[in-house]
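See below for my_file_3.cif, which holds mmCIF, N, CA, C and O atoms.
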```
data_data
loop_
_atom_site.label_atom_id
_atom_site.label_comp_id
_atom_site.auth_asym_id
_atom_site.auth_seq_id
_atom_site.Cartn_x
_atom_site.Cartn_y
_atom_site.Cartn_z
N MET A 50 38.65 -104.03 -137.32
CA MET A 50 37.57 -103.09 -137.18
C MET A 50 38.15 -101.72 -136.89
O MET A 50 39.01 -101.56 -136.04
N LYS A 51 37.66 -100.71 -137.58
CA LYS A 51 38.15 -99.35 -137.40
C LYS A 51 37.59 -98.76 -136.12
O LYS A 51 36.55 -99.17 -135.63
N LYS A 52 38.31 -97.75 -135.59
CA LYS A 52 37.90 -97.13 -134.33
C LYS A 52 36.50 -96.54 -134.41
O LYS A 52 35.70 -96.69 -133.51
N GLU A 53 36.19 -95.85 -135.51
CA GLU A 53 34.87 -95.24 -135.62
C GLU A 53 33.78 -96.29 -135.69
O GLU A 53 32.67 -96.07 -135.23
N ASP A 54 34.06 -97.46 -136.24
CA ASP A 54 33.07 -98.53 -136.28
C ASP A 54 32.77 -99.04 -134.88
O ASP A 54 31.61 -99.31 -134.56
N ILE A 55 33.76 -99.15 -134.04
CA ILE A 55 33.56 -99.60 -132.66
C ILE A 55 32.74 -98.57 -131.90
O ILE A 55 31.82 -98.91 -131.15
N THR A 56 33.04 -97.29 -132.10
CA THR A 56 32.31 -96.23 -131.41
C THR A 56 30.84 -96.24 -131.80
O THR A 56 29.96 -96.09 -130.96
N LYS A 57 30.54 -96.41 -133.08
CA LYS A 57 29.15 -96.44 -133.53
C LYS A 57 28.44 -97.70 -133.04
O LYS A 57 27.29 -97.65 -132.65
N LYS A 58 29.14 -98.81 -133.05
CA LYS A 58 28.54 -100.08 -132.64
C LYS A 58 28.20 -100.09 -131.16
O LYS A 58 27.20 -100.65 -130.74
N HIS A 59 29.03 -99.45 -130.34
CA HIS A 59 28.86 -99.47 -128.89
C HIS A 59 28.60 -98.07 -128.34
O HIS A 59 29.17 -97.66 -127.34
N SER A 60 27.70 -97.32 -128.99
CA SER A 60 27.41 -95.97 -128.51
C SER A 60 26.55 -96.05 -127.24
O SER A 60 25.87 -97.02 -126.99
N GLY A 61 26.62 -95.00 -126.47
CA GLY A 61 25.86 -94.95 -125.23
C GLY A 61 26.38 -93.84 -124.34
O GLY A 61 27.07 -92.94 -124.80
N GLU A 62 26.07 -93.90 -123.06
CA GLU A 62 26.51 -92.90 -122.10
C GLU A 62 27.33 -93.52 -120.99
O GLU A 62 27.08 -94.65 -120.58
N TRP A 63 28.30 -92.76 -120.52
CA TRP A 63 29.11 -93.15 -119.37
C TRP A 63 28.45 -92.62 -118.11
O TRP A 63 27.93 -91.51 -118.08
N LEU A 64 28.46 -93.44 -117.07
CA LEU A 64 27.89 -93.05 -115.78
C LEU A 64 28.99 -93.00 -114.73
O LEU A 64 29.85 -93.88 -114.68
N LEU A 65 28.94 -92.00 -113.89
CA LEU A 65 29.81 -91.89 -112.72
C LEU A 65 28.95 -92.21 -111.52
O LEU A 65 27.94 -91.54 -111.28
N LEU A 66 29.31 -93.24 -110.78
CA LEU A 66 28.53 -93.67 -109.61
C LEU A 66 29.37 -93.54 -108.35
O LEU A 66 30.56 -93.85 -108.34
N PHE A 67 28.72 -93.08 -107.29
CA PHE A 67 29.35 -93.03 -105.97
C PHE A 67 28.40 -93.71 -105.00
O PHE A 67 27.23 -93.34 -104.89
N ASN A 68 28.89 -94.73 -104.32
CA ASN A 68 28.06 -95.56 -103.45
C ASN A 68 26.82 -96.07 -104.18
O ASN A 68 25.70 -96.03 -103.66
N ASP A 69 27.01 -96.51 -105.40
CA ASP A 69 25.96 -97.09 -106.26
C ASP A 69 24.84 -96.10 -106.61
O ASP A 69 23.74 -96.52 -106.96
N GLU A 70 25.09 -94.81 -106.54
CA GLU A 70 24.14 -93.79 -106.97
C GLU A 70 24.77 -92.98 -108.10
O GLU A 70 25.95 -92.63 -108.03
N ILE A 71 23.98 -92.68 -109.13
CA ILE A 71 24.49 -91.93 -110.28
C ILE A 71 24.74 -90.48 -109.86
O ILE A 71 23.86 -89.80 -109.34
N VAL A 72 25.98 -90.03 -110.09
CA VAL A 72 26.38 -88.68 -109.76
C VAL A 72 26.41 -87.80 -111.02
O VAL A 72 26.04 -86.63 -110.98
N ASP A 73 26.84 -88.37 -112.15
CA ASP A 73 26.95 -87.63 -113.39
C ASP A 73 26.90 -88.61 -114.55
O ASP A 73 27.09 -89.83 -114.36
N HIS A 74 26.66 -88.08 -115.76
CA HIS A 74 26.65 -88.91 -116.96
C HIS A 74 27.09 -88.08 -118.15
O HIS A 74 26.95 -86.85 -118.15
N SER A 75 27.67 -88.73 -119.15
CA SER A 75 28.13 -88.06 -120.35
C SER A 75 28.41 -89.09 -121.44
O SER A 75 28.70 -90.25 -121.13
N VAL A 76 28.37 -88.66 -122.69
CA VAL A 76 28.76 -89.55 -123.79
C VAL A 76 30.27 -89.56 -123.94
O VAL A 76 30.83 -90.41 -124.62
N ASN A 77 30.96 -88.65 -123.28
CA ASN A 77 32.40 -88.50 -123.39
C ASN A 77 33.08 -89.00 -122.11
O ASN A 77 32.88 -88.44 -121.03
N ILE A 78 33.92 -90.01 -122.23
CA ILE A 78 34.61 -90.57 -121.05
C ILE A 78 35.56 -89.57 -120.41
O ILE A 78 35.72 -89.56 -119.18
N GLU A 79 36.16 -88.69 -121.21
CA GLU A 79 37.07 -87.70 -120.65
C GLU A 79 36.34 -86.76 -119.69
O GLU A 79 36.89 -86.38 -118.66
N ASP A 80 35.09 -86.40 -120.03
CA ASP A 80 34.29 -85.56 -119.13
C ASP A 80 34.02 -86.26 -117.80
O ASP A 80 34.11 -85.65 -116.74
N ILE A 81 33.72 -87.54 -117.87
CA ILE A 81 33.45 -88.30 -116.65
C ILE A 81 34.71 -88.42 -115.79
O ILE A 81 34.65 -88.26 -114.56
N LEU A 82 35.85 -88.68 -116.41
CA LEU A 82 37.09 -88.79 -115.65
C LEU A 82 37.46 -87.46 -115.00
O LEU A 82 37.89 -87.43 -113.84
N LYS A 83 37.25 -86.36 -115.71
CA LYS A 83 37.54 -85.04 -115.15
C LYS A 83 36.63 -84.75 -113.96
O LYS A 83 37.07 -84.28 -112.91
N THR A 84 35.35 -85.03 -114.11
CA THR A 84 34.39 -84.83 -113.02
C THR A 84 34.75 -85.69 -111.82
O THR A 84 34.68 -85.23 -110.67
N CYS A 85 35.15 -86.91 -112.07
CA CYS A 85 35.54 -87.81 -111.00
C CYS A 85 36.74 -87.26 -110.22
O CYS A 85 36.74 -87.27 -108.99
N GLU A 86 37.74 -86.78 -110.93
CA GLU A 86 38.91 -86.21 -110.28
C GLU A 86 38.56 -84.97 -109.46
O GLU A 86 39.11 -84.75 -108.38
N GLU A 87 37.63 -84.15 -109.97
CA GLU A 87 37.24 -82.92 -109.27
C GLU A 87 36.40 -83.20 -108.03
O GLU A 87 36.63 -82.63 -106.97
N LYS A 88 35.40 -84.07 -108.17
CA LYS A 88 34.46 -84.32 -107.07
C LYS A 88 34.98 -85.32 -106.04
O LYS A 88 34.61 -85.25 -104.87
N PHE A 89 35.79 -86.27 -106.48
CA PHE A 89 36.23 -87.36 -105.60
C PHE A 89 37.74 -87.56 -105.69
O PHE A 89 38.21 -88.56 -106.24
N PRO A 90 38.52 -86.62 -105.14
CA PRO A 90 39.98 -86.80 -105.17
C PRO A 90 40.40 -88.08 -104.45
O PRO A 90 39.80 -88.46 -103.44
N SER A 91 41.38 -88.75 -105.01
CA SER A 91 41.78 -90.07 -104.50
C SER A 91 42.31 -90.02 -103.07
O SER A 91 42.25 -91.02 -102.36
N ASP A 92 42.82 -88.87 -102.63
CA ASP A 92 43.33 -88.80 -101.26
C ASP A 92 42.21 -88.66 -100.22
O ASP A 92 42.45 -88.81 -99.02
N LYS A 93 40.96 -88.40 -100.66
CA LYS A 93 39.85 -88.22 -99.72
C LYS A 93 38.79 -89.31 -99.80
O LYS A 93 38.03 -89.50 -98.86
N PHE A 94 38.70 -90.01 -100.94
CA PHE A 94 37.65 -91.00 -101.13
C PHE A 94 38.26 -92.34 -101.51
O PHE A 94 39.13 -92.40 -102.38
N PRO A 95 37.80 -93.42 -100.91
CA PRO A 95 38.30 -94.75 -101.28
C PRO A 95 37.82 -95.14 -102.67
O PRO A 95 36.71 -94.82 -103.08
N ASP A 96 38.68 -95.82 -103.42
CA ASP A 96 38.38 -96.22 -104.79
C ASP A 96 37.20 -97.17 -104.90
O ASP A 96 36.51 -97.19 -105.91
N ASP A 97 36.95 -97.97 -103.87
CA ASP A 97 35.88 -98.96 -103.98
C ASP A 97 34.47 -98.36 -103.89
O ASP A 97 33.49 -99.04 -104.10
N HIS A 98 34.36 -97.06 -103.63
CA HIS A 98 33.06 -96.39 -103.59
C HIS A 98 32.74 -95.69 -104.91
O HIS A 98 31.62 -95.24 -105.11
N ILE A 99 33.72 -95.59 -105.80
CA ILE A 99 33.57 -94.87 -107.06
C ILE A 99 33.59 -95.88 -108.21
O ILE A 99 34.48 -96.72 -108.29
N LYS A 100 32.60 -95.76 -109.11
CA LYS A 100 32.54 -96.66 -110.27
C LYS A 100 32.21 -95.85 -111.51
O LYS A 100 31.49 -94.86 -111.44
N ILE A 101 32.75 -96.28 -112.63
CA ILE A 101 32.41 -95.71 -113.93
C ILE A 101 31.91 -96.86 -114.78
O ILE A 101 32.55 -97.90 -114.88
N SER A 102 30.75 -96.66 -115.38
CA SER A 102 30.13 -97.71 -116.17
C SER A 102 29.56 -97.11 -117.45
O SER A 102 29.29 -95.91 -117.51
N LYS A 103 29.37 -97.93 -118.45
CA LYS A 103 28.78 -97.46 -119.70
C LYS A 103 27.45 -98.16 -119.93
O LYS A 103 27.33 -99.37 -119.81
N VAL A 104 26.45 -97.35 -120.27
CA VAL A 104 25.14 -97.86 -120.64
C VAL A 104 25.08 -97.79 -122.17
O VAL A 104 25.18 -96.70 -122.74
N ILE A 105 24.93 -98.91 -122.80
CA ILE A 105 24.96 -98.99 -124.26
C ILE A 105 23.56 -98.77 -124.83
O ILE A 105 22.59 -99.32 -124.33
N ASN A 106 23.48 -97.95 -125.89
CA ASN A 106 22.22 -97.73 -126.58
C ASN A 106 21.81 -98.97 -127.34
O ASN A 106 22.65 -99.76 -127.75
N GLY A 107 20.54 -99.12 -127.55
CA GLY A 107 20.05 -100.23 -128.36
C GLY A 107 18.99 -101.02 -127.65
O GLY A 107 18.50 -100.65 -126.59
N THR A 108 18.64 -102.14 -128.26
CA THR A 108 17.62 -103.00 -127.69
C THR A 108 18.28 -104.27 -127.16
O THR A 108 19.31 -104.70 -127.65
N ILE A 109 17.65 -104.83 -126.17
CA ILE A 109 18.16 -106.06 -125.56
C ILE A 109 17.31 -107.22 -126.07
O ILE A 109 16.08 -107.16 -126.03
N ARG A 110 17.98 -108.22 -126.54
CA ARG A 110 17.27 -109.41 -127.00
C ARG A 110 17.21 -110.44 -125.90
O ARG A 110 18.20 -110.70 -125.21
N THR A 111 16.05 -111.01 -125.71
CA THR A 111 15.91 -112.11 -124.76
C THR A 111 15.39 -113.31 -125.51
O THR A 111 14.54 -113.20 -126.41
N TRP A 112 15.88 -114.44 -125.19
CA TRP A 112 15.46 -115.68 -125.86
C TRP A 112 14.63 -116.49 -124.94
O TRP A 112 14.71 -116.67 -123.84
#
```

Translate the structure described by the file into structure tokens.
Amino acid sequence: MKKEDITKKHSGEWLLLFNDEIVDHSVNIEDILKTCEEKFPSDKFPDDHIKISKVINGTIRTW
């Protein structure tokens, strides 16, 4: 599978969460990583309070 096919198949937005609350979001992971480094430097914030997750576009099927 080509890279662009994977990107189209799994499109969505990246979320930056701190203490399980959304702090920022973007379609570009590099933007989220940069924001994370700026707002939550590793020497001041524990890693277990910061999460990055992706919300995928599309519909959910339930059976």

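Residues in contact range of A:His74, defined as at most 5 Å between only N, CA, C and O atoms, with sequence neighbours fewer than 3 positions away removed, read Trp63, Leu64 and Leu65 of chain A.
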
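What separates atom CA of A:Asp69 from atom O of A:Lys100 is a distance of 7.9 Å.
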
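Take atom N of A:Gly61 and atom N of A:Ile105: the distance between them is 5.6 Å.
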
Exactly which residues make up the result of the PyMOL selection byres (((chain A and resi 84 and name CA) around 12) and name CA) on this file, given as JSON, numbers by chain?
-> {"A": [63, 64, 65, 66, 67, 72, 73, 74, 75, 77, 78, 79, 80, 81, 82, 83, 85, 86, 87, 88, 89, 90, 99, 101]}

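The two atoms in question, atom O of A:Val76 and atom CA of A:Glu62, are spaced 5.6 Å apart.
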